[in-house]
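Beneath this line is the structure, given in structure tokens, with notes to follow.
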Amino acid sequence: MLKDITLGQYFPGDSFIHRLDPRTKILIIIAYVVMVFLIQNFIGYLALALFLALCVAVSGISPKYLIRGLKPILVFIVFTGIFNLFLTPGEEIWRWGFLKITVEGVRFAAFMVLRLIFLILGTSLLTLTTSPIALTDGMERLLSPFKKVHLPSHEIAMMMTIALRFIPTLLDETDKIMKAQSARGASIDSGGIFSRAKAMVPILIPLFISAFRRADELATAMECRCYRGGEGRTRLYELKFGAVDVLGWIYMAVLLAAVIAINMIFGKF
Amino acid sequence: MIKLENVSYTYMSGGPFEKKALDGVSLHINEGEFIGVIGHTGSGKSTMIQLLNGLLKPESGKVIIDGQDLSEKKVNIRDIRFKVGLCMQYPEYQLFEETVLKDICFGPLNMGLSQKEAEERAKFAANMTGLPEELLDKSPFDLSGGQKRRAAIAGILAMEPKVLILDEPTAGLDPAGRDEILFKIRDMHKRMKLTVLLVSHSMEDVAKLADRILVLNGGRVEMFGRPREVFAQSARLREIGLNVPQITMAADRLRAAGVDIPEGIYTVGDCYRILLPMLT
């Protein structure tokens, strides 16, 4: 039932993308997200699509698998598209009662849908090729300069590690509880919105209880191993930038330049 | 009663983590039988039992319950679930209601029974599983581990299924709690003419209780026969990560040491009956 969610799942491998330092990947994804919103015409998105396609090809992740990750948010994408299509004011091209489609609406809807798709695909690729541990390690290192202004970067990273670590566990658990309740005749995916919300109670209560239980057990286990937080803590694997990272940066810089150039040359579509 | 015809099931089909859990399983279980299901971790036990009440759909092959093919559109899968009661591993985690009684009533109420009827069934089921009546008004979260387990099993039993499937109902319980639950299951099987499938890692338990034992290995049926027949193949059982009951091992050693003791001993009772005359 929940097996289609690819966000937060890691997919071990040894590709160019896998070998990039997590810090590089985080910076690249930030630049990527900025670009997704910066782009003002479809040629820009074409460039981004090419970039993404190349990354996927290099990473060795099956595109089918990546695209499957869009499924859970399909409804959201469709809604965004429809809302923007009908509710953007501007030059009318079609009208039926109070529903109208405008030129701006079409353009805006297409942009919003593309942006969402690109965001999900890009971030899925990041989490698919980077282990959660590496990801939060990178995050911690990137945030460590802010320690000077008392930002608890280690604690933030630790919280994120734990949260990411428990996504698959809790998904598994949800699946199990859903099955157990279905075996008792609970109908989870039928009926109106109210009865569906009511049907969630037998799933959510056990899920919350088990989440709290797990948190408690984890806290005990960490304390048993004398965990005390970030100060003076050494690590098993130190992050090091390598030649691949330089290549990654160059790659990104070229794309950024290309996107800005495309924006300037072709302007708003 | 239960018939599997060449059933296969694959997890994460098409994905990178594809895993074949069941591979061409065919079997037939008669009404009123007590079946012990054993197999190494990952042998497909849990997958098989989830196919039996329609929680999973077979990739190929047919699952036929009480003459109804589950893949047919006109079959109401919820009716099948009321007919085939499945109690998953660690069922106590599915408890959610304010009181034990309400929780046991969840299944019967889903069947469309009246509150009164559901409560009657719940009380009967609680009694069957050995849950004291004064606990019924307590919160399920205040019960002990063994009591929670019983409450969860009662929640399945209250639907009055024809088939009761239990996935390791005694995992993580202390010996006293374990024996009591197993004894209650046997009791229900006899008194209510239930068809029971008991998944277990304990060779002793299945040897003691089951009419027939189903051995799964790597998603296939390795053996399916009377305990006597299955436990006669101790070498093969060990090969696939299982074993014979300890008493069978002891008897085998005694035979090897020259004691005149027949083969096919798999319960302490059997051994006792044969050894006692020799010693007196």
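Every chain in the structure tokens has a letter given in the order shown (A, B, ...), and although residue numbers restart at 1 in each chain, ligands are simply numbered from 1 in the order shown.
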Q: Quick one: everything within 10 Å of Leu109 (chain B), counting only C-alpha atoms, minus sequence neighbours fewer than 5 positions away in the same chain. Send it as a ChimeraX atom specification.
A: /A:184-186 /B:102,104,114-119,158-159
Keeping only C-alpha atoms, write the selected residues to a file as a JSON list (two decimals), in the first residue's frame.
```json
[["chain", "number", "residue", "atom", "x", "y", "z"],
["A", 184, "ARG", "CA", -10.42, -7.22, 11.36],
["A", 185, "GLY", "CA", -12.59, -5.79, 8.63],
["A", 186, "ALA", "CA", -11.58, -2.13, 8.81],
["B", 102, "LYS", "CA", -14.38, -2.13, 22.76],
["B", 104, "ILE", "CA", -12.43, -6.88, 20.81],
["B", 114, "SER", "CA", -25.37, -4.89, 16.67],
["B", 115, "GLN", "CA", -23.58, -3.52, 19.71],
["B", 116, "LYS", "CA", -25.23, -6.12, 21.92],
["B", 117, "GLU", "CA", -24.31, -9.03, 19.69],
["B", 118, "ALA", "CA", -20.76, -7.76, 19.30],
["B", 119, "GLU", "CA", -20.34, -7.51, 23.05],
["B", 158, "ALA", "CA", -14.81, -12.61, 18.11],
["B", 159, "MET", "CA", -15.44, -12.45, 14.37]]
```
Q. Contacts of region 181-193 of chain B at 9 Å or less, counting only C-alpha atoms, minus same-chain residues fewer than 4 places along, as a ChimeraX atom specification?
A. /B:31-34,128-130,146,149-150,162,164,169-170,176-177,205,209
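Take the candidates A:Gly81, A:Leu48, A:Ile67, A:Leu247 and check each one against Ala31 (chain A) using only C-alpha atoms; the shortest distance goes to A:Leu48.
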Q: Dump as a ChimeraX atom specification the residues of chain B that approach chain A to within 7 Å, counting only C-alpha atoms.
A: /B:15,55,78,81-82,85-86,88,93-96,107,110-111,156
Q. What are the DSSP helix (DSSP H, G or I) residues of region 123-266 of chain B, as a ChimeraX atom specification?
A. /B:123-128,133-135,140-142,145-157,175-191,203-209,227-231,234-239,246-256
(Q) If you run DSSP on the backbone here, which positions in region 47-264 of chain B get strand (DSSP E or B)? Please write them as a ChimeraX atom specification. (A) /B:60-65,68-69,84-87,163-167,195-199,212-217,220-225
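The interatomic distance for the pair CA of Leu27 (chain A) and CA of Lys240 (chain A) works out to 14.8 Å.
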**Q.** Polymer residues at most 7 Å from region 251-262 of chain A, only C-alpha atoms, same-chain spacing of 3 or more positions, as a list in words
**A.** Ile28, Ile39, Gly44, Leu247, Gly248, Ile265 and Phe266 of chain A
Could those selected residues go to a file with C-alpha atoms, as a PDB file, in the first residue's frame?
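again-v5.pdb, written as the output of this step:
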```
ATOM      1  CA  ILE A  28      24.152  21.358  -5.892  1.00  0.00           C
ATOM      2  CA  ILE A  39      13.849  29.704 -14.837  1.00  0.00           C
ATOM      3  CA  GLY A  44      15.374  26.749 -19.449  1.00  0.00           C
ATOM      4  CA  LEU A 247      33.875  18.075 -11.434  1.00  0.00           C
ATOM      5  CA  GLY A 248      30.471  18.321  -9.823  1.00  0.00           C
ATOM      6  CA  ILE A 265      18.389  35.581 -24.153  1.00  0.00           C
ATOM      7  CA  PHE A 266      14.853  34.285 -24.376  1.00  0.00           C
TER       8      PHE A 266
END
```
Q: Rounded to one decimal place, report the CA of Ile162 (chain A)-CA of Lys198 (chain A) distance in Å.
A: 29.7 Å
(Q) Report as an NGL selection string all protein, DNA and RNA residues lying within 12 Å of Gly230 (chain A), evaluated on only C-alpha atoms, omitting residues in the same chain fewer than 6 positions from it. (A) :A and (137 or 140-141 or 144 or 147 or 151-158)
(Q) Please determine, counting only C-alpha atoms, which residue among A:Met200, A:Ala57, A:Ala211, A:Leu125 has the shortest atom-to-atom distance to Ile29 (chain A). (A) A:Leu125
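For the pair CA of Arg95 (chain A) and CA of Arg115 (chain A), the interatomic distance is 26.5 Å.
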Q) Residues at most 12 Å from Ile2 (chain B), counting only C-alpha atoms, excluding those fewer than 5 positions away in the same chain, as a PyMOL selection string? A) chain B and resi 26-33+35+48-49+51-53+62-70+80+83-84+162-165+195-197
Output N, CA, C and O atoms for every residue in the selection just made, as a CSV table (one decimal), in the first residue's frame.
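Result file is selection-v1.csv:
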```csv
chain,number,residue,atom,x,y,z
B,26,SER,N,1.5,-24.9,-4.2
B,26,SER,CA,0.2,-25.6,-4.3
B,26,SER,C,0.0,-26.4,-3.0
B,26,SER,O,0.9,-27.2,-2.6
B,27,LEU,N,-1.2,-26.3,-2.4
B,27,LEU,CA,-1.5,-27.1,-1.3
B,27,LEU,C,-3.0,-27.1,-1.0
B,27,LEU,O,-3.7,-26.3,-1.6
B,28,HIS,N,-3.4,-28.0,-0.2
B,28,HIS,CA,-4.8,-28.2,0.1
B,28,HIS,C,-4.9,-28.5,1.6
B,28,HIS,O,-4.2,-29.3,2.2
B,29,ILE,N,-5.8,-27.7,2.2
B,29,ILE,CA,-6.0,-27.9,3.7
B,29,ILE,C,-7.5,-28.2,3.9
B,29,ILE,O,-8.3,-27.5,3.4
B,30,ASN,N,-7.8,-29.2,4.7
B,30,ASN,CA,-9.1,-29.6,4.9
B,30,ASN,C,-9.8,-28.9,6.0
B,30,ASN,O,-9.1,-28.4,6.9
B,31,GLU,N,-11.1,-28.9,6.1
B,31,GLU,CA,-11.8,-28.2,7.2
B,31,GLU,C,-11.5,-28.9,8.5
B,31,GLU,O,-11.4,-30.2,8.5
B,32,GLY,N,-11.3,-28.1,9.5
B,32,GLY,CA,-11.0,-28.7,10.8
B,32,GLY,C,-9.6,-29.2,11.1
B,32,GLY,O,-9.4,-29.8,12.2
B,33,GLU,N,-8.7,-29.0,10.2
B,33,GLU,CA,-7.4,-29.5,10.4
B,33,GLU,C,-6.6,-28.5,11.2
B,33,GLU,O,-6.9,-27.3,11.2
B,35,ILE,N,-3.0,-27.1,11.3
B,35,ILE,CA,-1.7,-27.2,10.5
B,35,ILE,C,-0.6,-26.4,11.1
B,35,ILE,O,-0.9,-25.2,11.6
B,48,MET,N,2.5,-16.2,2.7
B,48,MET,CA,1.5,-17.1,2.4
B,48,MET,C,0.2,-16.9,3.2
B,48,MET,O,-0.9,-16.8,2.7
B,49,ILE,N,0.4,-16.6,4.5
B,49,ILE,CA,-0.8,-16.4,5.3
B,49,ILE,C,-1.5,-15.1,4.9
B,49,ILE,O,-2.7,-15.0,5.1
B,51,LEU,N,-1.8,-14.0,1.9
B,51,LEU,CA,-2.5,-14.3,0.7
B,51,LEU,C,-3.8,-15.0,1.0
B,51,LEU,O,-4.8,-14.8,0.3
B,52,LEU,N,-3.9,-15.7,2.2
B,52,LEU,CA,-5.1,-16.5,2.5
B,52,LEU,C,-6.3,-15.7,2.8
B,52,LEU,O,-7.4,-16.1,2.7
B,53,ASN,N,-6.1,-14.4,3.3
B,53,ASN,CA,-7.3,-13.6,3.6
B,53,ASN,C,-7.3,-12.4,2.7
B,53,ASN,O,-8.0,-11.4,3.0
B,62,LYS,N,-3.9,-19.3,-8.0
B,62,LYS,CA,-5.2,-19.1,-7.4
B,62,LYS,C,-5.2,-19.4,-6.0
B,62,LYS,O,-4.6,-20.4,-5.5
B,63,VAL,N,-5.9,-18.6,-5.2
B,63,VAL,CA,-6.2,-18.9,-3.8
B,63,VAL,C,-7.7,-19.1,-3.7
B,63,VAL,O,-8.5,-18.3,-4.0
B,64,ILE,N,-8.0,-20.3,-3.2
B,64,ILE,CA,-9.4,-20.7,-3.1
B,64,ILE,C,-9.8,-21.0,-1.7
B,64,ILE,O,-9.2,-21.8,-1.1
B,65,ILE,N,-10.7,-20.2,-1.2
B,65,ILE,CA,-11.2,-20.3,0.2
B,65,ILE,C,-12.6,-20.8,0.2
B,65,ILE,O,-13.4,-20.0,-0.4
B,66,ASP,N,-12.9,-21.9,0.8
B,66,ASP,CA,-14.3,-22.3,0.9
B,66,ASP,C,-15.0,-22.3,-0.5
B,66,ASP,O,-16.1,-21.9,-0.6
B,67,GLY,N,-14.2,-22.7,-1.5
B,67,GLY,CA,-14.8,-22.8,-2.9
B,67,GLY,C,-14.8,-21.5,-3.6
B,67,GLY,O,-15.2,-21.4,-4.8
B,68,GLN,N,-14.4,-20.4,-3.0
B,68,GLN,CA,-14.4,-19.1,-3.6
B,68,GLN,C,-13.0,-18.7,-4.1
B,68,GLN,O,-12.1,-18.7,-3.3
B,69,ASP,N,-12.9,-18.4,-5.3
B,69,ASP,CA,-11.6,-17.9,-5.8
B,69,ASP,C,-11.4,-16.4,-5.5
B,69,ASP,O,-12.2,-15.6,-6.0
B,70,LEU,N,-10.4,-16.1,-4.7
B,70,LEU,CA,-10.2,-14.7,-4.2
B,70,LEU,C,-10.0,-13.7,-5.3
B,70,LEU,O,-10.2,-12.5,-5.2
B,80,ILE,N,-14.3,-12.5,3.1
B,80,ILE,CA,-13.3,-13.5,3.3
B,80,ILE,C,-12.5,-13.3,4.5
B,80,ILE,O,-12.1,-14.2,5.3
B,83,LYS,N,-14.1,-14.6,7.4
B,83,LYS,CA,-14.1,-16.1,7.4
B,83,LYS,C,-12.8,-16.6,7.8
B,83,LYS,O,-12.6,-17.6,8.5
B,84,VAL,N,-11.7,-15.9,7.3
B,84,VAL,CA,-10.3,-16.3,7.6
B,84,VAL,C,-9.7,-15.3,8.6
B,84,VAL,O,-9.2,-14.3,8.2
B,162,LYS,N,-14.0,-19.1,10.4
B,162,LYS,CA,-14.0,-20.6,10.2
B,162,LYS,C,-12.5,-21.1,10.3
B,162,LYS,O,-12.3,-22.2,10.6
B,163,VAL,N,-11.6,-20.2,9.8
B,163,VAL,CA,-10.2,-20.5,9.8
B,163,VAL,C,-9.5,-19.5,10.7
B,163,VAL,O,-9.8,-18.3,10.6
B,164,LEU,N,-8.6,-20.0,11.6
B,164,LEU,CA,-7.9,-19.1,12.4
B,164,LEU,C,-6.4,-19.2,12.1
B,164,LEU,O,-5.9,-20.3,12.1
B,165,ILE,N,-5.8,-18.1,11.7
B,165,ILE,CA,-4.4,-18.2,11.3
B,165,ILE,C,-3.6,-17.4,12.3
B,165,ILE,O,-3.9,-16.2,12.6
B,195,THR,N,-10.5,-24.5,11.8
B,195,THR,CA,-9.4,-24.9,11.0
B,195,THR,C,-8.3,-23.9,11.5
B,195,THR,O,-8.5,-22.7,11.5
B,196,VAL,N,-7.1,-24.5,11.9
B,196,VAL,CA,-6.1,-23.6,12.5
B,196,VAL,C,-4.8,-23.7,11.7
B,196,VAL,O,-4.4,-24.8,11.3
B,197,LEU,N,-4.2,-22.6,11.4
B,197,LEU,CA,-2.9,-22.6,10.8
B,197,LEU,C,-2.0,-21.9,11.9
B,197,LEU,O,-2.2,-20.7,12.2
```
Q.
Applying 9 Å and only C-alpha atoms, which residues near Ser8 (chain B) remain after dropping the ones on its own chain fewer than 5 positions away? List them as a list in words.
A. Lys20, Ala21, Leu22, Asp23, Gly24, Val25, Pro58, Glu59, Ser60, Gly61 and Gly219 of chain B
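Using only C-alpha atoms, the residues found no farther than 12 Å from region 133-138 of chain B, other than those of its own chain fewer than 5 positions away, are Glu97, Glu98, Thr99, Val100, Leu101, Lys102, Asp103, Ile104, Cys105, Glu119, Ala122, Lys123, Phe124, Ala125, Ala126, Asn127, Met128, Leu143, Ser144, Gln147, Lys148, Arg150, Ala151, Ala154 and Gly155 of chain B.
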Those residues with C-alpha atoms, as a short mmCIF file (atom, residue, chain, number, x, y, z; two decimals), in the first residue's frame please?
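Dumped to again09.cif:
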```cif
data_model
loop_
_atom_site.label_atom_id
_atom_site.label_comp_id
_atom_site.auth_asym_id
_atom_site.auth_seq_id
_atom_site.Cartn_x
_atom_site.Cartn_y
_atom_site.Cartn_z
CA GLU B 97 -9.60 1.37 21.76
CA GLU B 98 -10.32 2.84 25.17
CA THR B 99 -11.25 -0.46 26.71
CA VAL B 100 -10.38 -4.05 25.98
CA LEU B 101 -14.02 -4.87 25.37
CA LYS B 102 -14.38 -2.13 22.76
CA ASP B 103 -11.24 -3.29 21.05
CA ILE B 104 -12.43 -6.88 20.81
CA CYS B 105 -15.75 -5.55 19.45
CA GLU B 119 -20.34 -7.51 23.05
CA ALA B 122 -16.42 -10.31 22.58
CA LYS B 123 -17.12 -11.70 26.04
CA PHE B 124 -17.22 -15.21 24.67
CA ALA B 125 -13.97 -14.71 22.78
CA ALA B 126 -12.27 -13.19 25.82
CA ASN B 127 -13.37 -16.19 27.83
CA MET B 128 -12.03 -18.55 25.15
CA LEU B 143 -2.51 -5.02 30.42
CA SER B 144 0.56 -7.21 30.67
CA GLN B 147 -2.87 -10.35 28.39
CA LYS B 148 -2.50 -7.92 25.48
CA ARG B 150 -4.80 -12.64 24.37
CA ALA B 151 -6.94 -9.56 23.90
CA ALA B 154 -9.79 -12.50 21.11
CA GLY B 155 -10.34 -9.58 18.71
#
```
**Q.** Top pick for closest residue to Gly269 (chain B), considering B:Arg226, B:Lys208, B:Gly54, B:Arg236 and counting only C-alpha atoms
**A.** B:Lys208
